[in-house]
$ cat entry-v4.cif   # mmCIF, C-alpha atoms
data_my_file
#
loop_
_atom_site.label_atom_id
_atom_site.label_comp_id
_atom_site.auth_asym_id
_atom_site.auth_seq_id
_atom_site.Cartn_x
_atom_site.Cartn_y
_atom_site.Cartn_z
CA MET A 33 -26.77 -23.40 -162.87
CA GLN A 34 -24.70 -25.00 -160.14
CA GLY A 35 -21.36 -23.21 -159.74
CA LYS A 36 -18.09 -25.10 -159.92
CA VAL A 37 -16.33 -25.88 -156.65
CA SER A 38 -12.89 -24.28 -156.67
CA ALA A 39 -9.99 -26.73 -156.30
CA ARG A 40 -7.73 -23.96 -155.01
CA PRO A 41 -8.57 -24.36 -151.26
CA VAL A 42 -8.11 -28.13 -151.52
CA ARG A 43 -4.78 -27.67 -153.32
CA ARG A 44 -3.60 -25.18 -150.69
CA ALA A 45 -4.59 -27.54 -147.90
CA SER A 46 -2.66 -30.35 -149.58
CA ILE A 47 0.42 -28.16 -149.93
CA ARG A 48 0.20 -27.16 -146.27
CA SER A 49 -0.15 -30.81 -145.27
CA LEU A 50 2.86 -31.83 -147.33
CA ALA A 51 4.92 -28.97 -145.93
CA LEU A 52 4.02 -29.93 -142.36
CA THR A 53 4.92 -33.55 -143.03
CA PHE A 54 8.28 -32.49 -144.50
CA LEU A 55 9.08 -30.32 -141.48
CA LEU A 56 8.25 -33.14 -139.07
CA VAL A 57 10.45 -35.58 -140.99
CA VAL A 58 13.35 -33.10 -140.97
CA ALA A 59 12.89 -32.40 -137.28
CA PHE A 60 12.92 -36.06 -136.28
CA ALA A 61 15.73 -36.93 -138.68
CA ARG A 62 18.02 -34.19 -137.37
CA PRO A 63 20.60 -35.73 -135.01
CA MET A 64 20.16 -34.60 -131.44
CA ALA A 65 23.15 -33.50 -129.37
CA ALA A 66 23.89 -36.35 -127.00
CA LYS A 67 23.92 -35.44 -123.31
CA ALA A 68 25.32 -38.78 -122.14
CA THR A 69 27.98 -40.70 -124.07
CA THR A 70 29.92 -43.77 -122.94
CA ASP A 71 33.15 -45.49 -123.89
CA PHE A 72 34.71 -48.69 -122.59
CA ASP A 73 37.41 -51.31 -123.03
CA PRO A 74 35.77 -54.09 -125.07
CA ARG A 75 38.38 -56.65 -123.97
CA LEU A 76 37.30 -56.63 -120.34
CA ASP A 77 35.12 -59.09 -118.46
CA PHE A 78 33.01 -56.64 -116.49
CA SER A 79 31.46 -59.41 -114.40
CA LYS A 80 34.69 -59.59 -112.39
CA PHE A 81 34.12 -56.12 -110.93
CA LYS A 82 32.23 -56.51 -107.66
CA THR A 83 33.37 -53.56 -105.54
CA TYR A 84 34.27 -49.93 -106.11
CA ALA A 85 35.69 -46.97 -104.21
CA PHE A 86 34.85 -43.34 -104.89
CA ILE A 87 38.04 -41.22 -104.93
CA GLY A 88 36.61 -37.84 -105.95
CA GLY A 89 37.72 -35.29 -108.52
CA VAL A 90 40.90 -34.37 -110.37
CA GLY A 91 42.53 -31.22 -108.99
CA ASN A 92 42.45 -28.19 -111.27
CA LEU A 93 40.11 -29.73 -113.81
CA VAL A 94 37.03 -29.40 -111.62
CA MET A 95 36.43 -25.91 -113.05
CA LEU A 96 32.89 -25.11 -111.97
CA GLN A 97 31.62 -22.02 -110.18
CA LEU A 98 29.98 -24.19 -107.56
CA ASP A 99 30.72 -25.35 -104.05
CA PRO A 100 33.19 -28.26 -104.50
CA ASP A 101 31.54 -30.08 -101.61
CA PHE A 102 28.22 -29.87 -103.46
CA ILE A 103 29.82 -31.34 -106.60
CA TYR A 104 31.51 -34.14 -104.68
CA THR A 105 28.39 -35.06 -102.73
CA ARG A 106 26.07 -34.91 -105.74
CA ILE A 107 28.29 -36.99 -108.03
CA HIS A 108 29.09 -39.50 -105.28
CA LYS A 109 25.39 -39.97 -104.58
CA ASN A 110 24.57 -40.49 -108.27
CA VAL A 111 27.42 -42.94 -108.86
CA GLN A 112 26.54 -44.85 -105.72
CA ARG A 113 22.89 -45.10 -106.75
CA GLU A 114 23.65 -46.34 -110.26
CA LEU A 115 26.40 -48.82 -109.38
CA ASP A 116 24.34 -50.22 -106.52
CA LYS A 117 21.63 -50.96 -109.10
CA LYS A 118 24.22 -53.04 -110.97
CA GLY A 119 25.03 -55.10 -107.90
CA LEU A 120 28.37 -53.47 -107.09
CA HIS A 121 29.27 -52.74 -103.47
CA GLU A 122 31.06 -49.59 -102.33
CA VAL A 123 34.16 -49.96 -100.14
CA ALA A 124 36.82 -47.57 -98.86
CA PRO A 125 39.77 -46.83 -101.18
CA GLY A 126 42.08 -48.78 -98.88
CA GLN A 127 39.99 -51.95 -99.06
CA ASN A 128 41.34 -53.21 -102.41
CA PRO A 129 38.36 -52.23 -104.60
CA ASP A 130 37.92 -53.80 -108.01
CA LEU A 131 37.25 -50.35 -109.46
CA VAL A 132 37.96 -46.79 -108.40
CA VAL A 133 35.62 -44.02 -109.51
CA ARG A 134 36.83 -40.49 -110.15
CA TYR A 135 35.36 -37.46 -111.92
CA TRP A 136 36.71 -34.44 -113.74
CA VAL A 137 35.35 -31.61 -115.83
CA THR A 138 36.72 -30.26 -119.10
CA PRO A 139 36.50 -26.47 -119.51
CA GLU A 140 34.37 -24.99 -122.27
CA SER A 141 37.48 -24.02 -124.27
CA GLN A 142 39.85 -26.61 -125.70
CA VAL A 143 42.94 -27.13 -123.51
CA ASP A 144 45.65 -29.75 -123.13
CA VAL A 145 44.25 -31.52 -120.10
CA ASP A 146 47.43 -33.57 -119.63
CA THR A 147 49.29 -30.42 -118.58
CA MET A 148 46.63 -29.48 -116.05
CA GLY A 149 45.46 -31.04 -112.84
CA ASN A 150 46.98 -33.62 -110.54
CA TRP A 151 46.48 -36.93 -112.34
CA ALA A 152 48.37 -39.21 -109.94
CA PRO A 153 48.12 -42.12 -109.51
CA TYR A 154 45.97 -42.57 -112.66
CA ARG A 155 46.51 -40.81 -115.96
CA SER A 156 43.98 -38.88 -118.07
CA TYR A 157 43.27 -41.61 -120.66
CA THR A 158 42.71 -39.13 -123.48
CA GLY A 159 44.90 -40.81 -126.11
CA GLY A 160 45.20 -44.21 -127.77
CA SER A 161 41.97 -46.17 -128.04
CA TRP A 162 40.26 -43.66 -125.73
CA GLY A 163 41.18 -40.65 -127.85
CA GLY A 164 38.52 -41.08 -130.53
CA VAL A 165 35.46 -40.64 -128.33
CA TYR A 166 37.21 -38.11 -126.07
CA ASN A 167 38.14 -35.85 -129.00
CA SER A 168 34.72 -36.25 -130.60
CA VAL A 169 32.81 -35.34 -127.44
CA THR A 170 34.99 -32.42 -126.39
CA ALA A 171 35.08 -30.96 -129.90
CA ALA A 172 31.32 -31.29 -130.43
CA ASN A 173 30.46 -29.77 -127.07
CA ASN A 174 32.96 -26.95 -126.76
CA LYS A 175 30.31 -24.49 -125.57
CA VAL A 176 29.35 -26.57 -122.53
CA SER A 177 31.23 -28.40 -119.83
CA ASN A 178 31.89 -32.12 -120.06
CA LEU A 179 31.58 -33.96 -116.78
CA ILE A 180 33.57 -37.19 -117.10
CA ILE A 181 33.12 -40.20 -114.82
CA ASP A 182 35.97 -42.73 -114.97
CA LEU A 183 35.78 -46.31 -113.74
CA ILE A 184 39.41 -47.44 -113.40
CA ASP A 185 40.96 -50.81 -112.57
CA PRO A 186 43.39 -49.90 -109.75
CA LYS A 187 45.34 -53.13 -110.10
CA THR A 188 46.35 -52.50 -113.71
CA LYS A 189 45.85 -48.70 -113.64
CA THR A 190 43.81 -48.96 -116.83
CA LEU A 191 40.51 -47.31 -117.66
CA ALA A 192 37.59 -49.74 -117.87
CA TRP A 193 34.54 -47.55 -118.59
CA ARG A 194 33.83 -43.85 -119.02
CA LEU A 195 30.72 -41.66 -119.00
CA TYR A 196 30.60 -38.19 -120.58
CA ILE A 197 27.82 -35.81 -119.53
CA SER A 198 27.72 -32.72 -121.75
CA ARG A 199 25.71 -29.75 -120.56
CA LYS A 200 25.94 -26.46 -118.70
CA LEU A 201 26.40 -27.13 -115.00
CA ALA A 202 26.34 -23.65 -113.43
CA ASP A 203 22.87 -23.77 -111.87
CA PRO A 204 22.79 -26.25 -108.97
CA ASP A 205 19.02 -26.59 -109.16
CA LYS A 206 18.07 -26.53 -112.84
CA ASP A 207 21.22 -27.91 -114.49
CA TRP A 208 22.04 -30.60 -111.98
CA LYS A 209 18.53 -32.01 -111.96
CA LYS A 210 18.97 -32.62 -115.70
CA ALA A 211 22.42 -34.07 -115.07
CA ASP A 212 20.82 -36.57 -112.69
CA ASP A 213 18.78 -37.89 -115.62
CA ASP A 214 21.99 -38.12 -117.68
CA PHE A 215 23.55 -40.32 -115.00
CA VAL A 216 20.60 -42.69 -115.17
CA GLU A 217 20.70 -42.80 -118.98
CA GLY A 218 24.46 -43.23 -119.16
CA PHE A 219 24.70 -46.03 -116.61
CA LYS A 220 22.10 -48.02 -118.53
CA SER A 221 25.08 -48.98 -120.72
CA TYR A 222 27.03 -50.43 -117.79
CA PRO A 223 28.14 -53.11 -118.13
CA PRO A 224 28.31 -53.13 -121.94
CA SER A 225 26.64 -56.07 -123.65
CA ASP A 226 28.56 -58.62 -125.72
CA LYS A 227 27.08 -57.04 -128.84
CA GLU A 228 28.27 -53.58 -127.78
CA LYS A 229 31.73 -54.92 -126.98
CA ALA A 230 31.99 -56.63 -130.38
CA ALA A 231 30.97 -53.42 -132.13
CA ARG A 232 33.43 -51.34 -130.12
CA ALA A 233 36.25 -53.80 -130.85
CA ARG A 234 35.56 -53.47 -134.59
CA GLU A 235 35.68 -49.68 -134.32
CA GLN A 236 39.08 -49.82 -132.60
CA LYS A 237 40.71 -52.00 -135.25
CA PRO A 238 43.31 -50.03 -137.25
#

$ encode --input "entry-v4.cif" --output "structure tokens"
Amino acid sequence: MQGKVSARPVRRASIRSLALTFLLVVAFARPMAAKATTDFDPRLDFSKFKTYAFIGGVGNLVMLQLDPDFIYTRIHKNVQRELDKKGLHEVAPGQNPDLVVRYWVTPESQVDVDTMGNWAPYRSYTGGSWGGVYNSVTAANNKVSNLIIDLIDPKTKTLAWRLYISRKLADPDKDWKKADDDFVEGFKSYPPSDKEKAARAREQKP
């Protein structure tokens, strides 16, 4: 008499398959920590910006255990590469640029950045319409540094566009190679599209 085929192995295989599927869905559904985040003024016509000048970092807020010349050179090179892709031309700070580019780094612990560093002649832009993204990024990433790239209109002294790069930046080889990729990813959003500007304007409405 032919023996019955046990359904138990088939049932176990099905359970394993369902469990694997569930784990994959959870893994892909889990929000990933953003390494590059941008913010911008949705009221601006970004097509008017044709030139930029790189003015370096903000005093005490460049709190990295790295050679400051290395930081300056690396960030300048990355900004130059990405803005050149967008058709902007670099000029000296004294040549009336349409934008000035500066960088600063928030420490891993929460501090009042307005009381630190030499902000002149441009302020920190951490309040008002800029406060929402700033507070969200710095609060969510308080165990890593936040490298912030500001594109500022020097004529009005207002912030036009900002890039946050959130990651550890202690290792000049390993960490900064990853940061290079974050620059590329972040500047993909410059200039913001009309759709992005409309969405940002809706978010800023009281």

$ residues_around --input "entry-v4.cif" --residues "segment 77-86 of chain A" --least-positions-apart "4" --cutoff "6 Å" --atoms "all atoms listed in the file" --output "list of chain:residue names"
A:Leu120, A:His121, A:Glu122, A:Val123, A:Ala124, A:Pro125, A:Pro129, A:Asp130, A:Leu131, A:Val132, A:Val133

$ resolve_selection --input "entry-v4.cif" --expression "the PyMOL selection byres ((chain A and resi 187) around 9)" --output "VMD selection string"
chain A and resid 128 to 131 184 to 186 188 to 190

$ resolve_selection --input "entry-v4.cif" --expression "the PyMOL selection byres ((chain A and resi 194-197) around 8)" --output "ChimeraX atom specification"
/A:67-72,169,178-183,191-193,198-199,211,214-215,218-219

$ write_last_selection --input "entry-v4.cif" --atoms "C-alpha atoms" --output "PDB file, in the coordinates of the input"
ATOM      1  CA  LYS A  67      23.920 -35.440-123.310  1.00  0.00           C
ATOM      2  CA  ALA A  68      25.320 -38.780-122.140  1.00  0.00           C
ATOM      3  CA  THR A  69      27.980 -40.700-124.070  1.00  0.00           C
ATOM      4  CA  THR A  70      29.920 -43.770-122.940  1.00  0.00           C
ATOM      5  CA  ASP A  71      33.150 -45.490-123.890  1.00  0.00           C
ATOM      6  CA  PHE A  72      34.710 -48.690-122.590  1.00  0.00           C
ATOM      7  CA  VAL A 169      32.810 -35.340-127.440  1.00  0.00           C
ATOM      8  CA  ASN A 178      31.890 -32.120-120.060  1.00  0.00           C
ATOM      9  CA  LEU A 179      31.580 -33.960-116.780  1.00  0.00           C
ATOM     10  CA  ILE A 180      33.570 -37.190-117.100  1.00  0.00           C
ATOM     11  CA  ILE A 181      33.120 -40.200-114.820  1.00  0.00           C
ATOM     12  CA  ASP A 182      35.970 -42.730-114.970  1.00  0.00           C
ATOM     13  CA  LEU A 183      35.780 -46.310-113.740  1.00  0.00           C
ATOM     14  CA  LEU A 191      40.510 -47.310-117.660  1.00  0.00           C
ATOM     15  CA  ALA A 192      37.590 -49.740-117.870  1.00  0.00           C
ATOM     16  CA  TRP A 193      34.540 -47.550-118.590  1.00  0.00           C
ATOM     17  CA  SER A 198      27.720 -32.720-121.750  1.00  0.00           C
ATOM     18  CA  ARG A 199      25.710 -29.750-120.560  1.00  0.00           C
ATOM     19  CA  ALA A 211      22.420 -34.070-115.070  1.00  0.00           C
ATOM     20  CA  ASP A 214      21.990 -38.120-117.680  1.00  0.00           C
ATOM     21  CA  PHE A 215      23.550 -40.320-115.000  1.00  0.00           C
ATOM     22  CA  GLY A 218      24.460 -43.230-119.160  1.00  0.00           C
ATOM     23  CA  PHE A 219      24.700 -46.030-116.610  1.00  0.00           C
TER      24      PHE A 219
END

$ residues_around --input "entry-v4.cif" --residues "Trp151 of chain A" --least-positions-apart "4" --cutoff "9 Å" --atoms "only C-alpha atoms" --output "MDAnalysis selection string"
chainID A and resid 90:91 146 155:156

$ closest_residue --input "entry-v4.cif" --among "A:Tyr166, A:Leu93, A:Lys209, A:Arg232" --to "Met148 of chain A" --atoms "all atoms listed in the file"
A:Leu93

$ closest_residue --input "entry-v4.cif" --among "A:Asp213, A:Asp73, A:Asp144, A:Asp203" --to "Asn110 of chain A" --atoms "all atoms listed in the file"
A:Asp213

$ axis_aligned_box --input "entry-v4.cif" --around "segment 147-165 of chain A" --padding-each-side "5 Å" --output "JSON"
{"center_x": 42.4, "center_y": -37.8, "center_z": -120.0, "size_x": 23.8, "size_y": 26.7, "size_z": 31.0}

$ closest_residue --input "entry-v4.cif" --among "A:Ala233, A:Lys200, A:Asp226, A:Val145" --to "Asn167 of chain A" --atoms "all atoms listed in the file"
A:Val145

$ atom_distance --input "entry-v4.cif" --atom1 "atom CA of Pro139 of chain A" --atom2 "atom CA of Ser168 of chain A"
14.9 Å

$ closest_residue --input "entry-v4.cif" --among "A:Arg106, A:Lys237, A:Arg75, A:Lys118" --to "Trp208 of chain A" --atoms "all atoms listed in the file"
A:Arg106

$ closest_residue --input "entry-v4.cif" --among "A:Arg113, A:Lys206, A:Ile87, A:Thr170" --to "Thr158 of chain A" --atoms "all atoms listed in the file"
A:Thr170

$ atom_distance --input "entry-v4.cif" --atom1 "atom CA of Lys220 of chain A" --atom2 "atom CA of Gly119 of chain A"
13.1 Å

$ closest_residue --input "entry-v4.cif" --among "A:Gly89, A:Ile103, A:Glu114, A:Leu201" --to "Gly149 of chain A" --atoms "only C-alpha atoms"
A:Gly89

$ atom_distance --input "entry-v4.cif" --atom1 "atom CA of Asp101 of chain A" --atom2 "atom CA of Asp205 of chain A"
15.0 Å
